[in-house]
Every structure is written in structure tokens, then in C-alpha cells.
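This is work-v9.tsv. It holds TSV, C-alpha atoms.
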chain	number	residue	atom	x	y	z
A	3	MET	CA	10.65	6.56	-182.81
A	4	ALA	CA	11.50	3.42	-180.85
A	5	PHE	CA	10.94	3.06	-177.12
A	6	ASP	CA	13.94	4.14	-175.03
A	7	ASP	CA	14.70	5.32	-171.49
A	8	ASN	CA	13.66	8.87	-172.38
A	9	LEU	CA	10.13	7.80	-173.35
A	10	ILE	CA	9.01	5.83	-170.30
A	11	LEU	CA	6.26	7.17	-168.03
A	12	ARG	CA	6.35	4.08	-165.78
A	13	ASP	CA	9.06	1.45	-166.13
A	14	GLY	CA	7.45	-1.61	-164.51
A	15	THR	CA	10.10	-2.20	-161.88
A	16	ALA	CA	7.51	-2.08	-159.07
A	17	ASP	CA	4.01	-3.46	-158.64
A	18	LEU	CA	1.30	-0.86	-159.14
A	19	GLN	CA	0.09	0.49	-155.81
A	20	THR	CA	-3.58	1.18	-155.11
A	21	ALA	CA	-2.81	4.68	-153.81
A	22	GLU	CA	0.08	5.50	-156.14
A	23	ALA	CA	0.67	9.24	-156.49
A	24	ALA	CA	1.29	10.67	-159.96
A	25	ALA	CA	4.92	11.61	-160.65
A	26	LEU	CA	6.22	15.14	-160.11
A	27	VAL	CA	9.88	14.55	-161.03
A	28	LEU	CA	11.81	14.18	-164.28
A	29	THR	CA	13.70	11.12	-163.01
A	30	ALA	CA	12.05	7.86	-161.99
A	31	ASP	CA	10.54	7.88	-158.50
A	32	ALA	CA	10.27	4.86	-156.16
A	33	ASN	CA	7.47	3.44	-158.32
A	34	GLY	CA	9.49	3.80	-161.53
A	35	ALA	CA	7.28	6.68	-162.72
A	36	LYS	CA	8.32	10.11	-163.97
A	37	VAL	CA	7.26	13.22	-165.84
A	38	LEU	CA	8.41	13.38	-169.47
A	39	ASP	CA	9.56	16.48	-171.32
A	40	ILE	CA	8.16	15.67	-174.77
A	41	ARG	CA	9.40	18.90	-176.32
A	42	LYS	CA	12.68	17.06	-176.80
A	43	THR	CA	11.00	14.53	-179.12
A	44	GLY	CA	10.12	17.16	-181.72
A	45	GLN	CA	6.68	15.51	-181.92
A	46	ARG	CA	3.24	16.80	-180.93
A	47	GLY	CA	1.27	13.75	-182.01
A	48	LEU	CA	2.28	10.73	-179.96
A	49	ALA	CA	0.85	7.51	-178.55
A	50	ALA	CA	0.83	6.12	-175.02
A	51	VAL	CA	1.27	2.36	-174.74
A	52	LEU	CA	-0.01	0.71	-171.57
A	53	VAL	CA	1.43	-2.74	-170.80
A	54	LEU	CA	-0.07	-5.03	-168.15
A	55	PRO	CA	1.99	-8.23	-168.38
A	56	THR	CA	0.31	-10.22	-165.62
A	57	ALA	CA	-3.25	-11.51	-165.24
A	58	PRO	CA	-4.77	-9.87	-162.13
A	59	THR	CA	-5.98	-12.22	-159.41
A	60	ALA	CA	-8.52	-10.20	-157.41
A	61	PHE	CA	-12.09	-10.09	-158.75
A	62	ALA	CA	-14.14	-6.89	-159.03
A	63	ASP	CA	-11.09	-4.60	-159.11
A	64	THR	CA	-10.61	-1.86	-161.69
A	65	LEU	CA	-7.84	0.29	-163.14
A	66	ASP	CA	-8.19	3.73	-164.70
A	67	VAL	CA	-5.17	5.26	-166.46
A	68	THR	CA	-5.04	8.87	-167.61
A	69	ILE	CA	-2.34	10.76	-169.48
A	70	GLU	CA	-2.05	14.31	-168.18
A	71	HIS	CA	-0.22	17.32	-169.65
A	72	SER	CA	1.16	20.58	-168.27
A	73	ARG	CA	3.47	23.52	-168.94
A	74	TRP	CA	5.18	22.89	-165.57
A	75	TYR	CA	6.35	19.53	-164.27
A	76	ASP	CA	6.55	20.05	-160.50
A	77	ASP	CA	3.06	21.35	-159.66
A	78	THR	CA	0.33	18.71	-159.56
A	79	ASP	CA	-2.39	21.38	-159.89
A	80	ALA	CA	-0.92	22.42	-163.25
A	81	PHE	CA	-1.66	19.05	-164.86
A	82	ASP	CA	-4.88	18.52	-166.83
A	83	THR	CA	-6.37	15.38	-168.37
A	84	LEU	CA	-5.17	14.84	-171.94
A	85	VAL	CA	-6.45	11.35	-172.81
A	86	THR	CA	-7.82	8.37	-170.89
A	87	PHE	CA	-7.56	4.64	-171.53
A	88	ALA	CA	-10.73	2.57	-171.34
A	89	ARG	CA	-11.32	1.23	-167.82
A	90	LEU	CA	-9.67	-2.13	-167.20
A	91	TYR	CA	-11.11	-4.89	-165.03
A	92	ALA	CA	-9.27	-7.55	-163.03
A	93	ILE	CA	-11.09	-10.70	-164.21
A	94	VAL	CA	-13.16	-10.68	-167.40
A	95	TYR	CA	-15.20	-13.50	-168.93
A	96	ARG	CA	-16.71	-14.11	-172.36
A	97	VAL	CA	-20.15	-15.75	-172.30
A	98	ARG	CA	-21.65	-16.93	-175.60
A	99	GLY	CA	-25.37	-17.05	-176.18
A	100	THR	CA	-28.37	-16.69	-178.48
A	101	ALA	CA	-30.44	-13.54	-177.95
A	102	THR	CA	-34.05	-14.19	-176.93
A	103	VAL	CA	-34.65	-10.53	-176.02
A	104	ALA	CA	-32.50	-8.09	-178.00
A	105	PHE	CA	-29.63	-6.32	-176.23
A	106	ASP	CA	-29.02	-2.59	-176.61
A	107	SER	CA	-26.82	0.14	-175.12
A	108	ASP	CA	-28.89	0.15	-171.93
A	109	ASP	CA	-27.31	-3.22	-171.11
A	110	ILE	CA	-23.78	-1.82	-170.86
A	111	LEU	CA	-22.59	-1.80	-167.20
A	112	GLN	CA	-25.71	-3.71	-166.16
A	113	THR	CA	-25.50	-7.09	-164.41
A	114	LEU	CA	-25.82	-10.29	-166.45
A	115	THR	CA	-27.32	-12.99	-164.23
A	116	SER	CA	-27.45	-16.76	-164.75
A	117	THR	CA	-30.87	-18.25	-164.00
A	118	ASP	CA	-29.40	-21.66	-163.11
A	119	THR	CA	-26.51	-20.61	-160.84
A	120	SER	CA	-27.14	-16.92	-160.03
A	121	ASP	CA	-23.61	-16.16	-161.32
A	122	GLU	CA	-23.19	-12.47	-162.19
A	123	LEU	CA	-21.01	-10.41	-164.50
A	124	THR	CA	-20.94	-6.64	-165.06
A	125	ILE	CA	-21.46	-6.21	-168.81
A	126	ILE	CA	-18.60	-4.30	-170.45
A	127	ASP	CA	-19.45	-5.04	-174.08
A	128	TYR	CA	-21.41	-7.41	-176.32
A	129	ASP	CA	-21.46	-8.53	-179.95
A	130	LYS	CA	-23.76	-6.54	-182.22
A	131	ALA	CA	-25.37	-9.83	-183.27
A	132	LEU	CA	-27.12	-9.90	-179.89
A	133	GLU	CA	-29.12	-6.79	-180.86
A	134	THR	CA	-31.28	-9.11	-182.99
A	135	VAL	CA	-33.42	-11.89	-181.54
A	136	GLY	CA	-31.86	-15.17	-182.66
A	137	GLY	CA	-28.43	-13.61	-183.08
A	138	ILE	CA	-25.50	-15.51	-181.58
A	139	GLY	CA	-22.69	-13.61	-179.93
A	140	ASP	CA	-20.56	-12.97	-176.87
A	141	VAL	CA	-21.15	-10.87	-173.80
A	142	ILE	CA	-17.93	-9.56	-172.24
A	143	GLY	CA	-18.27	-9.06	-168.51
A	144	ALA	CA	-16.27	-8.40	-165.35
A	145	GLN	CA	-16.47	-10.91	-162.55
A	146	VAL	CA	-18.54	-9.67	-159.59
A	147	ALA	CA	-17.65	-12.42	-157.08
A	148	ALA	CA	-14.98	-15.12	-157.00
A	149	ASP	CA	-17.38	-17.93	-157.89
A	150	ASP	CA	-19.08	-16.10	-160.79
A	151	VAL	CA	-17.75	-18.25	-163.65
A	152	PHE	CA	-20.86	-19.08	-165.76
A	153	ASP	CA	-19.83	-22.74	-165.99
A	154	GLN	CA	-23.27	-24.14	-166.85
A	155	THR	CA	-23.90	-26.29	-169.92
A	156	ASP	CA	-25.94	-25.21	-172.94
A	157	GLY	CA	-29.39	-23.84	-172.27
A	158	ASP	CA	-28.84	-21.60	-169.25
A	159	THR	CA	-30.90	-18.40	-169.46
A	160	CYS	CA	-28.82	-15.26	-168.84
A	161	THR	CA	-30.64	-11.99	-168.20
A	162	SER	CA	-29.28	-8.44	-168.20
A	163	GLY	CA	-30.51	-5.76	-165.82
A	164	GLY	CA	-30.91	-3.60	-168.93
A	165	GLY	CA	-33.45	-5.98	-170.47
A	166	GLY	CA	-31.41	-8.14	-172.85
A	167	THR	CA	-31.75	-11.90	-172.47
A	168	MET	CA	-29.88	-14.80	-174.05
A	169	THR	CA	-29.63	-18.57	-173.86
A	170	GLN	CA	-26.07	-19.74	-173.20
A	171	VAL	CA	-24.76	-21.87	-176.07
A	172	SER	CA	-21.29	-22.83	-174.86
A	173	ALA	CA	-20.51	-25.24	-172.07
A	174	ALA	CA	-18.78	-22.59	-169.98
A	175	ALA	CA	-17.62	-18.99	-170.06
A	176	VAL	CA	-14.00	-18.37	-171.05
A	177	ARG	CA	-11.67	-15.94	-169.28
A	178	THR	CA	-10.35	-13.30	-171.70
A	179	LYS	CA	-7.58	-10.66	-171.73
A	180	LEU	CA	-9.98	-8.17	-173.33
A	181	ARG	CA	-10.31	-5.06	-171.12
A	182	SER	CA	-8.27	-6.82	-168.45
A	183	TYR	CA	-4.54	-7.14	-169.16
A	184	GLY	CA	-2.21	-7.09	-172.15
A	185	VAL	CA	-1.26	-4.08	-174.32
A	186	TYR	CA	-3.43	-0.99	-174.93
A	187	VAL	CA	-2.70	2.12	-177.03
A	188	VAL	CA	-4.18	5.63	-177.12
A	189	ARG	CA	-3.04	8.50	-179.33
A	190	PHE	CA	-2.87	12.13	-178.29
A	191	HIS	CA	-1.77	15.58	-179.44
A	192	THR	CA	-0.59	18.39	-177.19
A	193	ASP	CA	1.31	21.67	-177.40
A	194	ARG	CA	2.34	21.47	-173.74
A	195	GLN	CA	5.84	20.47	-172.70
A	196	TYR	CA	5.28	17.86	-169.98
A	197	ILE	CA	3.20	14.69	-169.64
A	198	ARG	CA	2.72	12.10	-166.92
A	199	ALA	CA	0.49	9.10	-166.22
A	200	LEU	CA	-2.07	8.90	-163.42
A	201	PHE	CA	-2.96	5.37	-162.29
A	202	THR	CA	-6.12	4.88	-160.22
A	203	ALA	CA	-6.47	1.28	-159.04
A	204	SER	CA	-9.32	0.24	-156.75
A	205	ALA	CA	-8.48	-1.10	-153.30
A	206	GLY	CA	-7.15	-4.65	-153.37
A	207	SER	CA	-6.15	-4.56	-157.03
A	208	ASN	CA	-3.22	-6.67	-158.18
A	209	PHE	CA	-2.36	-5.42	-161.65
A	210	GLY	CA	1.36	-6.13	-161.22
A	211	LYS	CA	4.33	-4.40	-162.83
A	212	VAL	CA	2.46	-2.00	-165.08
A	213	GLU	CA	4.43	-0.10	-167.73
A	214	CYS	CA	3.49	3.01	-169.70
A	215	LEU	CA	5.60	3.97	-172.72
A	216	ILE	CA	5.49	6.74	-175.33
A	217	SER	CA	6.08	6.45	-179.09
A	218	ASN	CA	5.01	8.05	-182.36
A	219	SER	CA	4.80	4.62	-184.05
A	220	PRO	CA	3.76	2.07	-181.40
A	221	TYR	CA	2.63	-0.60	-183.84
A	222	LEU	CA	6.14	-0.70	-185.33
A	223	ASP	CA	7.85	-0.63	-181.95
A	224	LEU	CA	5.87	-3.36	-180.19
Structure translated into C-alpha cells:
Amino acid sequence: MAFDDNLILRDGTADLQTAEAAALVLTADANGAKVLDIRKTGQRGLAAVLVLPTAPTAFADTLDVTIEHSRWYDDTDAFDTLVTFARLYAIVYRVRGTATVAFDSDDILQTLTSTDTSDELTIIDYDKALETVGGIGDVIGAQVAADDVFDQTDGDTCTSGGGGTMTQVSAAAVRTKLRSYGVYVVRFHTDRQYIRALFTASAGSNFGKVECLISNSPYLDL
């Protein structure tokens, strides 16, 4: 099933608004969003494809996107959460280091702090190699302030609020699309007739002309 006009939850004609209301109509609203009647597809197992074509510019902002389903399309209270994309962050960096104190799950969403510059990132993920002292891997983190770029040379000590510690081994952190912008896919199954997308962007976010599309074979359609 290829993408077409009947399978678009948000068409990307308008920039995503920070207080954008979820659609309650079967035709595109002013934001290019609508409710879809998926009964017409003949499919119960589908995938939602989220497309963020532009790199956001405002640090510390987040985007949460949820697919909701309902038996009625024009009553917002009738919609329930069906599936949620992983939270996206405006500006994300990859910092490479050697673990001197092993990282673990307690470090997720903690602050990684540079000893030399006091730069900070909110840890989103890290390589499993960092769970062993001496392991070399990347920490993926969201920028906390505009000047948090981890641009020190080798040897900077970076400490997590969760206890993990590493010595930076690359000259500078690298900005990455991971968990920031690009294309993301979630699969879902429902026996309800209608679906819509709910976009919750933090104040000041600039995620651009976000699209959300539906397919049963997204990897063939992209």
C-alpha cells in the first residue's frame, strides 16, 4: 500500500505549532491534519511514518507524537492512545568516550557534564560498551543550553548524574539526527475505525513542516 492522499494524517504544508490541536475532521484542517477512516484500507495492522525534514534550531525543545484511535471521529474524548513514538529532541549530540566508571540504566535522562567546560547534555542513550570499564562508545544526549557543544579535545572527563563516567576520546561532539529529526516508524493494530495524530511540542519548538503518513509497508514506500 503506497502513500496517497487518503493515508495522510498531517501533510506538512504548515509548520508544526506548539499548541496544535488534534484533528477532528475527515478533511485537512488549517494545519494540514485530519482524521483517517482506516476501515477503507481493509487493513488492521498498519504503520505510522513520522517525517521531520528540517533540523530544529531551538535547544532543549521536545516533541511527543501519539497515534490515537476511536470509533467516532468528531469527539475528542472518544480518542484513546494507540501507539506513541519515542520522544524527539531539538538538538542532539554524540559524545565519544572511554568508560572509567561503568554506565547503567540509571544514567538515562541524567545530565552528562564536562569537567573542563561545564557543558551539559541530557542523556538519551549510550552504547552498551560503556557498561564495562575501559569500553569505548558514544553517549547520545540532548543539548541543555545553546553553548553546550562538548568541543574539548581528548581527555576531558564527562560525568553522568547517574554515576557513569567517561574520558572523552574525540576532539569534539558531533550533532546527530538520531532522536531529533528524519524519518521514524511505529507499527500498530486496531479494530477501531478512525485514527489521528496528536503532536505535543514544547514551547519555542521549531520542528518545521512535520508530516505523518500511514502505510502497511513503509519500508517499501519510503
Students should find that atom CA of A:Thr56 and atom CA of A:Ala174 are spaced 23.2 Å
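For the choices A:Gly210, A:Gly99, A:Pro58, A:Gly157, the atom-to-atom distance to A:Tyr128 is smallest for A:Gly99 when using only C-alpha atoms.
In this model, the gap between atom CA of A:Phe152 and atom CA of A:Tyr183 comes to 20.5 Å.
Each of A:Thr124, A:Thr113, A:Ser162, A:Ser72 was checked against A:Leu38 using all atoms listed in the file; the smallest atom-to-atom distance is that of A:Ser72.
Each of A:Thr100, A:Ser172, A:Gln19, A:Gln195 was compared to A:Tyr75 using all atoms listed in the file, and A:Gln195 turns out to be the nearest.
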Within 6 Å of (-5.7, 4.2, -159.9) (file coordinates; all atoms listed in the file), which protein or nucleic acid residues are there? I'd like them as an mmCIF file with C-alpha atoms, keeping the file's coordinate frame.
data_model
loop_
_atom_site.group_PDB
_atom_site.id
_atom_site.type_symbol
_atom_site.label_atom_id
_atom_site.label_comp_id
_atom_site.auth_asym_id
_atom_site.auth_seq_id
_atom_site.Cartn_x
_atom_site.Cartn_y
_atom_site.Cartn_z
ATOM 1 C CA LEU A 65 -7.840 0.290 -163.140
ATOM 2 C CA ASP A 66 -8.190 3.730 -164.700
ATOM 3 C CA PHE A 201 -2.960 5.370 -162.290
ATOM 4 C CA THR A 202 -6.120 4.880 -160.220
ATOM 5 C CA ALA A 203 -6.470 1.280 -159.040
#
Skipping near chain neighbours, those fewer than 2 positions away, what residues fall within 12 Å of stretch 143-147 of chain A using all atoms listed in the file, listed as a ChimeraX atom specification?
/A:58-64,89-98,109-115,120-129,140-141,149-152,162,175-182
Separation of atom CA of A:Val53 and atom CA of A:Cys214, in Å?
6.2 Å
Identify which of the residues A:Ala25, A:Gly139, A:Gly34, A:Gly44 lies closest to A:Ile197, counting only C-alpha atoms when measuring atom-to-atom distances.
A:Ala25
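Comparing the minimum interatomic distances between A:Ser217 and each of A:Arg189, A:Asp31, A:Asp118, A:Ser107, counting all atoms listed in the file, we find that A:Arg189 sits nearest.
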When you count all atoms listed in the file, which of these residues is closest to A:Gly14: A:Ala205, A:Val37, A:Ala32, A:Leu132?
A:Ala32
Excluding same-chain residues fewer than 6 positions from A:Gly137, what lies within 10 Å of it counting only C-alpha atoms, as a list of chain:residue names?
A:Gly99, A:Thr100, A:Ala101, A:Thr102, A:Val103, A:Ala104, A:Asp129, A:Lys130, A:Ala131, A:Met168
All residues 7 Å or closer to A:Thr117, all atoms listed in the file, same chain fewer than 3 positions away omitted, as a VMD selection string
chain A and resid 120 158 to 160
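Summary of the local environment: counting only C-alpha atoms, residues at most 12 Å from A:Asn8, other than itself and those fewer than 2 positions away along its chain, are A:Met3, A:Ala4, A:Phe5, A:Asp6, A:Ile10, A:Leu11, A:Arg12, A:Asp13, A:Leu28, A:Thr29, A:Ala30, A:Ala35, A:Lys36, A:Val37, A:Leu38, A:Asp39, A:Ile40, A:Arg41, A:Lys42, A:Thr43, A:Leu215, A:Ile216, A:Ser217.
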May I ask you to restore N, CA and C atoms in stretch 185-196 of chain A and write the result as a PDB file, in the coordinates of the input?
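Once everything was written out, this is result_18.pdb:
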ATOM      1  N   VAL A 185      -1.819  -5.328-173.805  1.00  0.00           N
ATOM      2  CA  VAL A 185      -1.260  -4.080-174.320  1.00  0.00           C
ATOM      3  C   VAL A 185      -2.391  -3.208-174.880  1.00  0.00           C
ATOM      4  N   TYR A 186      -2.406  -1.931-174.491  1.00  0.00           N
ATOM      5  CA  TYR A 186      -3.430  -0.990-174.930  1.00  0.00           C
ATOM      6  C   TYR A 186      -2.755   0.302-175.397  1.00  0.00           C
ATOM      7  N   VAL A 187      -3.314   0.932-176.425  1.00  0.00           N
ATOM      8  CA  VAL A 187      -2.700   2.120-177.030  1.00  0.00           C
ATOM      9  C   VAL A 187      -3.743   3.227-177.186  1.00  0.00           C
ATOM     10  N   VAL A 188      -3.369   4.450-176.808  1.00  0.00           N
ATOM     11  CA  VAL A 188      -4.180   5.630-177.120  1.00  0.00           C
ATOM     12  C   VAL A 188      -3.269   6.687-177.751  1.00  0.00           C
ATOM     13  N   ARG A 189      -3.804   7.422-178.710  1.00  0.00           N
ATOM     14  CA  ARG A 189      -3.040   8.500-179.330  1.00  0.00           C
ATOM     15  C   ARG A 189      -3.464   9.846-178.751  1.00  0.00           C
ATOM     16  N   PHE A 190      -2.553  10.815-178.809  1.00  0.00           N
ATOM     17  CA  PHE A 190      -2.870  12.130-178.290  1.00  0.00           C
ATOM     18  C   PHE A 190      -2.036  13.194-179.011  1.00  0.00           C
ATOM     19  N   HIS A 191      -2.464  14.435-178.870  1.00  0.00           N
ATOM     20  CA  HIS A 191      -1.770  15.580-179.440  1.00  0.00           C
ATOM     21  C   HIS A 191      -1.789  16.690-178.404  1.00  0.00           C
ATOM     22  N   THR A 192      -0.642  17.301-178.160  1.00  0.00           N
ATOM     23  CA  THR A 192      -0.590  18.390-177.190  1.00  0.00           C
ATOM     24  C   THR A 192       0.493  19.398-177.586  1.00  0.00           C
ATOM     25  N   ASP A 193       0.280  20.655-177.207  1.00  0.00           N
ATOM     26  CA  ASP A 193       1.310  21.670-177.400  1.00  0.00           C
ATOM     27  C   ASP A 193       1.993  22.011-176.084  1.00  0.00           C
ATOM     28  N   ARG A 194       1.698  21.257-175.037  1.00  0.00           N
ATOM     29  CA  ARG A 194       2.340  21.470-173.740  1.00  0.00           C
ATOM     30  C   ARG A 194       3.622  20.639-173.646  1.00  0.00           C
ATOM     31  N   GLN A 195       4.488  21.032-172.740  1.00  0.00           N
ATOM     32  CA  GLN A 195       5.840  20.470-172.700  1.00  0.00           C
ATOM     33  C   GLN A 195       5.935  19.155-171.924  1.00  0.00           C
ATOM     34  N   TYR A 196       5.107  18.993-170.890  1.00  0.00           N
ATOM     35  CA  TYR A 196       5.280  17.860-169.980  1.00  0.00           C
ATOM     36  C   TYR A 196       4.046  16.952-169.961  1.00  0.00           C
TER      37      TYR A 196
END
